[in-house]
Amino acid sequence: MYAVLYPPNFSAQAAVRERPELRKKPFALLDGEPPTDTVHAANKAARSIGVEVGMTRLQAETFPEVACLRRVIAHESSAHTALHTVACMFSPRIEQVDAHPGTYALDIGGMDTLFGDSLQLANKLRQSIMAAGFIANVAVAQNLYAAACLAYGRAGVSVVPPGYEANAIGQLPLRVLDLSPDHEATLHAWGIRTCSELAALSEDELIARLGQSAKRLHALARGNWTHLMVPLEPSFEAGLVERMDLDFPVEVIEPLLFLLARMTDSLLERVKNTARAIASLRLVLNLDGGRRHERIVRPALPLQDTQTLLKLLQLDLEAHPPSGAVLGLELSAQSAAPHRAQHGLFLPQAPEAGRLEVLLARLRKLLGEQRVGSPELTDDHRPNAFRVVPFAPPPPAQGMARTLSVPTALRVCRPPQIIGVSLDRNTPASIFWEGIKYVVREVAGPWRVSGQWWSEANWCREEWDVRLLKADETERVCRIAFDPRSRSWYLQGTYD
Amino acid sequence: MASAAQIRLQVESTLANRVPAALTLKIKEAAEVLPTGIAAIDAALSGGIPRGCITEISGAASTGKTSFALAAVAAITQSGAACAWVDVSDSLSPESAAAAGIVLKRLLWLRTVPERKQRVTSKPWSHLEQALKATDLLLQAGGFAAIVLDMSDVFPKHVTRIPLATWYRLRLAAEQARTALIFLTQSPCVGSCAALSLRAEQSSVMPFSVDKETALFEGQQYDLVRERNRNEVSAVFKKPAARVELNTETLWTRAR
């Protein structure tokens with residue numbers, strides 16, 4: 001048996017629930033971007049004086065006694081939550097009906113021992129909904145769609161004994177079947193007004209004229225269209241939260257790790273039961289003085305190992321310690337399918353995923369966030385433009401080494417070092433760097449490079465390749481550059 | 001009278017619990033090597049850079065250390081393995097690395113933190129400590145085929161103050177992790193911990209301009225001198241130092 005609760009004019013009821021002063025005056029809810037907003041809902045008083053859904057704001061405002069209000073989604077969400085709570089009190093298996101907001105279908109099989117027979121249950125359900133601030137129709141039937149049609153079309157409580165669904169919905173108008181405009185027009189032209197008149201038609205003839213969708217319509221009108229109930233389940237992800245309040249403030253991290261270990265264990269146990277792994281951990285520390293310290297640890301691959309997750313949390317907290325004493329902890333997890341890798345006997349060795357995460361966290365703590373990663377060349381004309389991306393090597397694979405000539409590597413000076421240069425006929429003749437004089441033996445250039453002239457970050461320089469000779473006869477080949485804006489010479493790097 | 005073989009067997013069986021095969025010569029297994037992709041150098045190094053060992057490449061500036069190390073890492077990453085580059089002076093050029101053929105996604109680049117208003121060469125202790133600690137962590141984690149510890153820009157007087165015990169520890173860790181630890185320095189300081197020791201030198205000078213053409217830096221010629229290769233040292237004869245030529249060319253020359 002199914003019970004369907006339907007609050008008619010849900011948006012208007014939700015608005016009245018939040019603003020009780022609207023209960024006795026006509027009002028219309030407007031939705032959409034001004035100035036093209038239209039009437040989304042109106043209460044009975046407003047409808048009785050001529051306000052209709054779909055009217056423009058201008059049309060609605062021609063009724064001086066009607067209050068035009070903006071539709072507030074938050075009010076409707078709050079109303080949804082209230083109705084959901086009431087529905088959950090009467091059955092563990094409930095389903096939300098998407099076609100009509102605020103409508104819930106309840107599987108009430110086996111609930112008679114708690115709430116009495118179907119009629120008693122329906123009455124109790126309606127009373128509970130009214131206590132929550134709503135007026136709702138409640139219908140009970142063996143068929144879910146028949147119950148829904150009754151709730152849409154008949155006010156109050158309706159209970160249909162099994163097998164009498166067709167009779168019960170027979171006198172209801174066709175609008176309870178949620179017809180498409182085309183079908184509604186066609187059936188209206190045929191003179192069909194009620195469900196019983198539609199059910200009396202031949203199914204084959206109806207399908208021949210309206211198409212395959214007519215089969216559903218015909219079955220709905222007879223009250224025997226079957227439905228596979230998909231009950232709302234509590235969100236698994238939302239439940240992956242562990243909270244703990246401390247008796248006294250804790251200022252050092254080590255004692256917290258014992259608590260975090262227990263909380264991580266508990267989360268991982270729940271995640272493992274569904275054959276999943278932890279993709280990220282969000283730690284919120286409630287600090288003394290009402291402040292919050294939030295950290296998110298997100299390993300590159302979902303992990304099922306408490307030790308690794310705990311070590312990542314520890315390293316993250318050590319790198320970003322809280323700014324005060326800790327009064328409470330909240331650890332929430334996000335789950336994902338565990339990482340699976342197909343290893344091979346003859347593949348090159350690669351860092352193990354879990355250990356690599358801990359290693360990278362340790363290195364980040366040692367060197368800094370931006371000092372650890374893989375270099376990636378950026379699409380930029382500026383020489384040696386790059387960015388550092390997180391190190392995530394692709395799975396090891398058998399590859400073939402390409403035979404290319406060996407390029408001359410440039411060792412870059414970051415930042416470029418200022419040098420002194422003496423010129424001879426506009427060509428560098430000697431260089432002074434770190435107190436040492438170098439004689440320029442050979443020089444190639446200048447190579448003028450520039451870019452981003454359209455922005456503040458524009459750059460321009462003349463680059464030279466020079467072979468330098470030190471006093472002790474050692475040579476080095478360098479790249480130097482002249483910046484015309486600062487009128488300075490820089491050492492860009494050394495070829496090695 | 002018992003023969004020598006019987007006596008040896010008797011001694012070995014007596015000491016078996018304390019020293020296994022006490023009087024039998026231990027057969028040394030050939031070290032696994034990682035080819036560098038440069039045929040002449042691979043031939044001189046008996047196949048390439050040894051795994052599980054320290055390879056020391058020493059030489060002054062502009063002697064080809066970095067070019068050779070980049071070529072070796074390129075060959076290793078192209079074979080599908082991951083590598084790490086511990087950059088003490090933050091001087092690696094990703095452009096040069098990409099030009100050498102390194103698969104950048106397989107390269108973990110670690111840059112030590114620069115101290116404000118201080119050059120690397122002036123007070124490098126924190127840099128060296130960070131670099132050695134990072135190298136230690138990499139070796140402990142394992143999984144990297146090669147790790148390059150680049151101290152090319154650090155003065156020899158500073159590098160030589162790294163205690164020998166550190167190199168022993170790193171050698172042991174590299175052996176256990178089966179990782180080739182390539183150490184770039186200006187002057188040799190690893191000593192006997194290095195299984196392979198190479199000295200980089202400048203070879204003949206390639207002039208920028210030939211026949212009064214427009215001057216252009218087209219490339220360099222270097223020499224790599226193999227000073228020690230512990231993996232091929234014979235018990236009786238010590239092989240003489242081998243010299244291999246390494247020719248490099250600039251990117252614009254390659255494009256032309």
# chains A, B, ... in the order shown; residues from 1 in each chain; ligands from 1
>>> residues_around(residues="Ser67 (chain B)", least_positions_apart="4", cutoff="12 Å", atoms="only C-alpha atoms", output="ChimeraX atom specification")
/A:405-411,494-496 /B:36,38,57,61-63,71-74,92-93,96-102,184,200,219-224,246-250
>>> select_by_dssp(residues="region 124-221 of chain B", states="strand (DSSP E or B)", output="ChimeraX atom specification")
/B:144-150,180-185,194-202,219-221
>>> write_last_selection(atoms="N, CA and C atoms", output="CSV table (one decimal), in the first residue's frame")
chain,number,residue,atom,x,y,z
B,144,PHE,N,62.3,5.4,-7.4
B,144,PHE,CA,62.9,6.3,-8.4
B,144,PHE,C,64.1,5.5,-9.1
B,145,ALA,N,64.1,5.5,-10.4
B,145,ALA,CA,65.2,4.8,-11.0
B,145,ALA,C,66.5,5.6,-10.9
B,146,ALA,N,66.4,6.9,-10.9
B,146,ALA,CA,67.6,7.7,-10.8
B,146,ALA,C,67.3,9.0,-10.0
B,147,ILE,N,68.2,9.5,-9.2
B,147,ILE,CA,68.1,10.7,-8.5
B,147,ILE,C,69.4,11.5,-8.8
B,148,VAL,N,69.2,12.8,-9.3
B,148,VAL,CA,70.3,13.6,-9.5
B,148,VAL,C,70.4,14.6,-8.4
B,149,LEU,N,71.6,14.6,-7.7
B,149,LEU,CA,71.8,15.6,-6.7
B,149,LEU,C,72.8,16.7,-7.3
B,150,ASP,N,72.2,17.8,-7.6
B,150,ASP,CA,72.9,18.8,-8.4
B,150,ASP,C,73.5,19.9,-7.4
B,180,ALA,N,69.9,4.8,-8.9
B,180,ALA,CA,71.2,5.4,-9.3
B,180,ALA,C,71.2,6.8,-8.8
B,181,LEU,N,72.2,7.1,-7.9
B,181,LEU,CA,72.3,8.4,-7.4
B,181,LEU,C,73.4,9.1,-8.2
B,182,ILE,N,73.1,10.1,-8.9
B,182,ILE,CA,74.0,10.9,-9.8
B,182,ILE,C,74.3,12.2,-9.1
B,183,PHE,N,75.6,12.4,-8.7
B,183,PHE,CA,76.0,13.6,-8.0
B,183,PHE,C,76.8,14.5,-8.8
B,184,LEU,N,76.3,15.7,-9.0
B,184,LEU,CA,77.1,16.7,-9.8
B,184,LEU,C,77.8,17.7,-8.9
B,185,THR,N,79.1,17.8,-9.1
B,185,THR,CA,79.8,18.7,-8.2
B,185,THR,C,81.0,19.3,-9.0
B,194,ALA,N,81.7,6.4,-4.2
B,194,ALA,CA,81.2,6.4,-5.6
B,194,ALA,C,81.6,5.2,-6.3
B,195,ALA,N,80.7,4.5,-6.9
B,195,ALA,CA,81.0,3.3,-7.7
B,195,ALA,C,81.6,3.7,-9.0
B,196,LEU,N,81.1,4.8,-9.5
B,196,LEU,CA,81.5,5.3,-10.8
B,196,LEU,C,81.9,6.8,-10.7
B,197,SER,N,83.1,7.2,-11.1
B,197,SER,CA,83.5,8.5,-10.9
B,197,SER,C,83.9,9.1,-12.3
B,198,LEU,N,83.3,10.1,-12.7
B,198,LEU,CA,83.6,10.7,-14.0
B,198,LEU,C,84.1,12.1,-13.8
B,199,ARG,N,85.0,12.5,-14.6
B,199,ARG,CA,85.5,13.9,-14.6
B,199,ARG,C,85.2,14.6,-15.9
B,200,ALA,N,84.5,15.7,-15.8
B,200,ALA,CA,84.1,16.4,-17.0
B,200,ALA,C,85.1,17.5,-17.3
B,201,GLU,N,85.5,17.6,-18.6
B,201,GLU,CA,86.5,18.6,-19.0
B,201,GLU,C,86.0,19.3,-20.3
B,202,GLN,N,86.6,20.4,-20.5
B,202,GLN,CA,86.3,21.1,-21.8
B,202,GLN,C,87.2,20.5,-22.8
B,219,GLY,N,77.4,25.1,-30.2
B,219,GLY,CA,77.5,23.9,-29.4
B,219,GLY,C,78.9,23.8,-28.7
B,220,GLN,N,79.0,22.8,-28.0
B,220,GLN,CA,80.3,22.6,-27.2
B,220,GLN,C,80.8,21.2,-27.4
B,221,GLN,N,82.0,21.0,-27.2
B,221,GLN,CA,82.6,19.7,-27.2
B,221,GLN,C,83.2,19.5,-25.8
>>> closest_atom_pairs(of="chain A", to="chain B", cutoff="6 Å", atoms="only C-alpha atoms", output="Markdown table")
| residue | atom | partner | partner_atom | distance |
| --- | --- | --- | --- | --- |
| A:Pro348 | CA | B:Ala81 | CA | 5.3 |
| A:Gln349 | CA | B:Gly143 | CA | 5.6 |
| A:Ala350 | CA | B:Gly143 | CA | 4.4 |
| A:Pro351 | CA | B:Gly143 | CA | 3.8 |
| A:Leu367 | CA | B:Thr112 | CA | 5.8 |
| A:Arg371 | CA | B:Arg111 | CA | 5.1 |
| A:Val372 | CA | B:Leu110 | CA | 4.9 |
| A:Gly373 | CA | B:Leu108 | CA | 5.5 |
| A:Ser374 | CA | B:Leu108 | CA | 5.1 |
| A:Asn384 | CA | B:Glu95 | CA | 5.6 |
| A:Pro393 | CA | B:Arg106 | CA | 4.9 |
| A:Pro396 | CA | B:Gly80 | CA | 5.1 |
| A:Ala397 | CA | B:Gly80 | CA | 4.9 |
| A:Gln398 | CA | B:Gly80 | CA | 5.6 |
| A:Gly399 | CA | B:Ser79 | CA | 4.3 |
| A:Met400 | CA | B:Ser79 | CA | 5.6 |
| A:Ala401 | CA | B:Gln78 | CA | 5.3 |
| A:Val406 | CA | B:Thr248 | CA | 4.9 |
| A:Pro407 | CA | B:Glu249 | CA | 4.9 |
| A:Thr408 | CA | B:Thr248 | CA | 5.1 |
| A:Ala409 | CA | B:Ser67 | CA | 4.9 |
| A:Arg411 | CA | B:Ser91 | CA | 5.0 |
| A:Val412 | CA | B:Ser91 | CA | 4.6 |
| A:Cys413 | CA | B:Ser91 | CA | 5.8 |
| A:Ala444 | CA | B:Ala215 | CA | 4.9 |
| A:Arg476 | CA | B:Ser62 | CA | 5.1 |
| A:Tyr495 | CA | B:Ser62 | CA | 5.5 |
| A:Asp496 | CA | B:Ser62 | CA | 4.0 |
>>> closest_residue(among="B:Met151, B:Leu45, B:Val88, B:Ala173", to="Ser126 (chain B)", atoms="only C-alpha atoms")
B:Val88
>>> residues_around(residues="region 298-306 of chain A", least_positions_apart="2", cutoff="7 Å", atoms="only C-alpha atoms", output="count of residues only")
16
>>> residues_around(residues="region 486-488 of chain A", least_positions_apart="5", cutoff="10 Å", atoms="only C-alpha atoms", output="PyMOL selection string")
chain A and resi 418-421+461+481
>>> closest_residue(among="A:Ser213, A:Asn123, A:Gln59, A:Ser323", to="Ser180 (chain A)", atoms="only C-alpha atoms")
A:Ser213
>>> residues_around(residues="region 38-49 of chain A", least_positions_apart="5", cutoff="7 Å", atoms="only C-alpha atoms", output="compact mmCIF listing (two decimals) with N, CA and C atoms, in the first residue's frame")
# COMPACT_ATOMS: atom_id res chain seq x y z
N SER A 11 4.34 26.32 -3.42
CA SER A 11 5.18 27.53 -3.28
C SER A 11 4.47 28.57 -2.42
N ALA A 12 3.15 28.74 -2.64
CA ALA A 12 2.40 29.72 -1.86
C ALA A 12 2.35 29.29 -0.40
N LYS A 25 -4.34 37.60 3.16
CA LYS A 25 -4.38 38.62 2.12
C LYS A 25 -3.92 38.02 0.79
N PRO A 26 -4.45 38.51 -0.31
CA PRO A 26 -4.06 37.95 -1.61
C PRO A 26 -2.62 38.34 -1.95
N PHE A 27 -1.88 37.37 -2.46
CA PHE A 27 -0.50 37.66 -2.87
C PHE A 27 -0.12 36.77 -4.05
N ALA A 28 0.88 37.22 -4.77
CA ALA A 28 1.40 36.45 -5.91
C ALA A 28 2.91 36.38 -5.78
N LEU A 29 3.46 35.23 -6.12
CA LEU A 29 4.92 35.05 -6.07
C LEU A 29 5.47 35.20 -7.48
N LEU A 30 6.45 36.09 -7.63
CA LEU A 30 7.03 36.34 -8.95
C LEU A 30 8.37 35.63 -9.04
N ASP A 31 8.63 35.08 -10.21
CA ASP A 31 9.88 34.37 -10.43
C ASP A 31 10.46 34.80 -11.78
N GLY A 32 11.76 34.76 -11.90
CA GLY A 32 12.42 35.13 -13.16
C GLY A 32 13.20 36.41 -12.99
N GLY A 54 1.63 32.64 -14.60
CA GLY A 54 2.13 32.97 -15.93
C GLY A 54 1.93 34.42 -16.30
N MET A 55 1.18 35.16 -15.50
CA MET A 55 0.99 36.60 -15.77
C MET A 55 2.32 37.33 -15.61
N THR A 56 2.46 38.42 -16.33
CA THR A 56 3.66 39.25 -16.14
C THR A 56 3.49 40.09 -14.88
N ARG A 57 4.61 40.65 -14.43
CA ARG A 57 4.55 41.50 -13.22
C ARG A 57 3.58 42.65 -13.41
N VAL A 66 -3.49 42.98 -4.50
CA VAL A 66 -2.61 41.80 -4.50
C VAL A 66 -1.17 42.23 -4.20
>>> closest_residue(among="B:Asn231, B:Ser46, B:Thr24, B:Gln176", to="Ala5 (chain B)", atoms="only C-alpha atoms")
B:Thr24
>>> select_by_dssp(residues="region 141-215 of chain A", states="alpha helix (DSSP H)", output="number ranges by chain")
A: 144-153, 165-170, 181-190, 195-199, 203-210, 213-215
>>> write_last_selection(atoms="N, CA and C atoms", output="compact mmCIF listing (two decimals), in the first residue's frame")
# COMPACT_ATOMS: atom_id res chain seq x y z
N LEU A 144 0.50 3.11 -6.63
CA LEU A 144 1.06 4.42 -6.26
C LEU A 144 0.49 5.54 -7.13
N TYR A 145 0.36 5.28 -8.43
CA TYR A 145 -0.14 6.34 -9.32
C TYR A 145 -1.60 6.64 -9.05
N ALA A 146 -2.37 5.60 -8.72
CA ALA A 146 -3.77 5.85 -8.39
C ALA A 146 -3.87 6.72 -7.14
N ALA A 147 -3.00 6.43 -6.14
CA ALA A 147 -2.99 7.26 -4.93
C ALA A 147 -2.59 8.69 -5.25
N ALA A 148 -1.60 8.83 -6.16
CA ALA A 148 -1.15 10.17 -6.53
C ALA A 148 -2.28 10.94 -7.23
N CYS A 149 -3.00 10.27 -8.16
CA CYS A 149 -4.11 10.93 -8.87
C CYS A 149 -5.18 11.38 -7.88
N LEU A 150 -5.46 10.51 -6.91
CA LEU A 150 -6.47 10.87 -5.91
C LEU A 150 -6.03 12.07 -5.08
N ALA A 151 -4.76 12.08 -4.72
CA ALA A 151 -4.25 13.21 -3.92
C ALA A 151 -4.29 14.51 -4.71
N TYR A 152 -4.01 14.41 -6.04
CA TYR A 152 -4.04 15.63 -6.85
C TYR A 152 -5.48 16.13 -7.02
N GLY A 153 -6.41 15.17 -7.13
CA GLY A 153 -7.75 15.57 -7.55
C GLY A 153 -8.79 15.66 -6.45
N GLU A 165 -9.27 0.84 -7.55
CA GLU A 165 -8.57 2.06 -7.96
C GLU A 165 -9.27 2.73 -9.14
N ALA A 166 -9.69 1.89 -10.13
CA ALA A 166 -10.31 2.46 -11.33
C ALA A 166 -11.59 3.20 -10.97
N ASN A 167 -12.38 2.61 -10.08
CA ASN A 167 -13.62 3.28 -9.67
C ASN A 167 -13.33 4.58 -8.93
N ALA A 168 -12.29 4.52 -8.08
CA ALA A 168 -12.01 5.68 -7.24
C ALA A 168 -11.57 6.88 -8.06
N ILE A 169 -10.75 6.63 -9.09
CA ILE A 169 -10.24 7.79 -9.85
C ILE A 169 -11.10 8.05 -11.08
N GLY A 170 -12.14 7.26 -11.27
CA GLY A 170 -12.95 7.38 -12.49
C GLY A 170 -13.55 8.76 -12.68
N PRO A 181 0.24 19.08 -23.31
CA PRO A 181 -0.75 20.00 -23.91
C PRO A 181 -1.39 19.43 -25.18
N ASP A 182 -0.59 18.70 -25.98
CA ASP A 182 -1.14 18.12 -27.23
C ASP A 182 -2.23 17.11 -26.92
N HIS A 183 -1.90 16.20 -25.99
CA HIS A 183 -2.88 15.16 -25.63
C HIS A 183 -4.12 15.78 -24.98
N GLU A 184 -3.90 16.78 -24.19
CA GLU A 184 -5.02 17.42 -23.51
C GLU A 184 -5.98 18.04 -24.54
N ALA A 185 -5.38 18.69 -25.54
CA ALA A 185 -6.21 19.31 -26.57
C ALA A 185 -6.96 18.25 -27.38
N THR A 186 -6.24 17.17 -27.72
CA THR A 186 -6.87 16.11 -28.53
C THR A 186 -8.03 15.47 -27.77
N LEU A 187 -7.77 15.12 -26.49
CA LEU A 187 -8.82 14.45 -25.70
C LEU A 187 -10.00 15.40 -25.45
N HIS A 188 -9.67 16.66 -25.29
CA HIS A 188 -10.74 17.64 -25.10
C HIS A 188 -11.61 17.72 -26.35
N ALA A 189 -10.95 17.67 -27.51
CA ALA A 189 -11.70 17.71 -28.77
C ALA A 189 -12.58 16.47 -28.95
N TRP A 190 -12.11 15.34 -28.39
CA TRP A 190 -12.89 14.10 -28.49
C TRP A 190 -14.06 14.09 -27.49
N CYS A 195 -11.36 10.46 -16.13
CA CYS A 195 -10.50 9.28 -16.24
C CYS A 195 -11.31 8.06 -16.68
N SER A 196 -12.53 7.93 -16.17
CA SER A 196 -13.32 6.75 -16.53
C SER A 196 -13.65 6.76 -18.02
N GLU A 197 -13.88 7.95 -18.59
CA GLU A 197 -14.15 8.03 -20.03
C GLU A 197 -12.91 7.63 -20.83
N LEU A 198 -11.73 8.02 -20.34
CA LEU A 198 -10.48 7.62 -21.03
C LEU A 198 -10.27 6.12 -20.88
N ALA A 199 -10.53 5.58 -19.69
CA ALA A 199 -10.32 4.15 -19.46
C ALA A 199 -11.27 3.31 -20.30
N GLU A 203 -7.71 0.40 -25.89
CA GLU A 203 -6.29 0.72 -25.74
C GLU A 203 -5.59 0.75 -27.10
N ASP A 204 -5.86 -0.26 -27.93
CA ASP A 204 -5.21 -0.33 -29.24
C ASP A 204 -5.56 0.88 -30.10
N GLU A 205 -6.84 1.23 -30.08
CA GLU A 205 -7.27 2.37 -30.90
C GLU A 205 -6.62 3.67 -30.39
N LEU A 206 -6.52 3.76 -29.07
CA LEU A 206 -5.91 4.97 -28.48
C LEU A 206 -4.44 5.08 -28.86
N ILE A 207 -3.73 3.94 -28.80
CA ILE A 207 -2.30 3.95 -29.16
C ILE A 207 -2.14 4.27 -30.64
N ALA A 208 -3.05 3.74 -31.46
CA ALA A 208 -2.97 4.00 -32.90
C ALA A 208 -3.11 5.50 -33.19
N ARG A 209 -3.83 6.19 -32.35
CA ARG A 209 -4.07 7.62 -32.62
C ARG A 209 -3.10 8.55 -31.87
N LEU A 210 -2.72 8.20 -30.66
CA LEU A 210 -1.88 9.11 -29.85
C LEU A 210 -0.43 8.66 -29.74
N SER A 213 2.82 6.66 -26.00
CA SER A 213 2.59 7.27 -24.68
C SER A 213 1.14 7.08 -24.22
N ALA A 214 0.27 6.76 -25.17
CA ALA A 214 -1.14 6.54 -24.81
C ALA A 214 -1.31 5.29 -23.95
N LYS A 215 -0.38 4.35 -24.09
CA LYS A 215 -0.47 3.11 -23.28
C LYS A 215 -0.38 3.46 -21.80
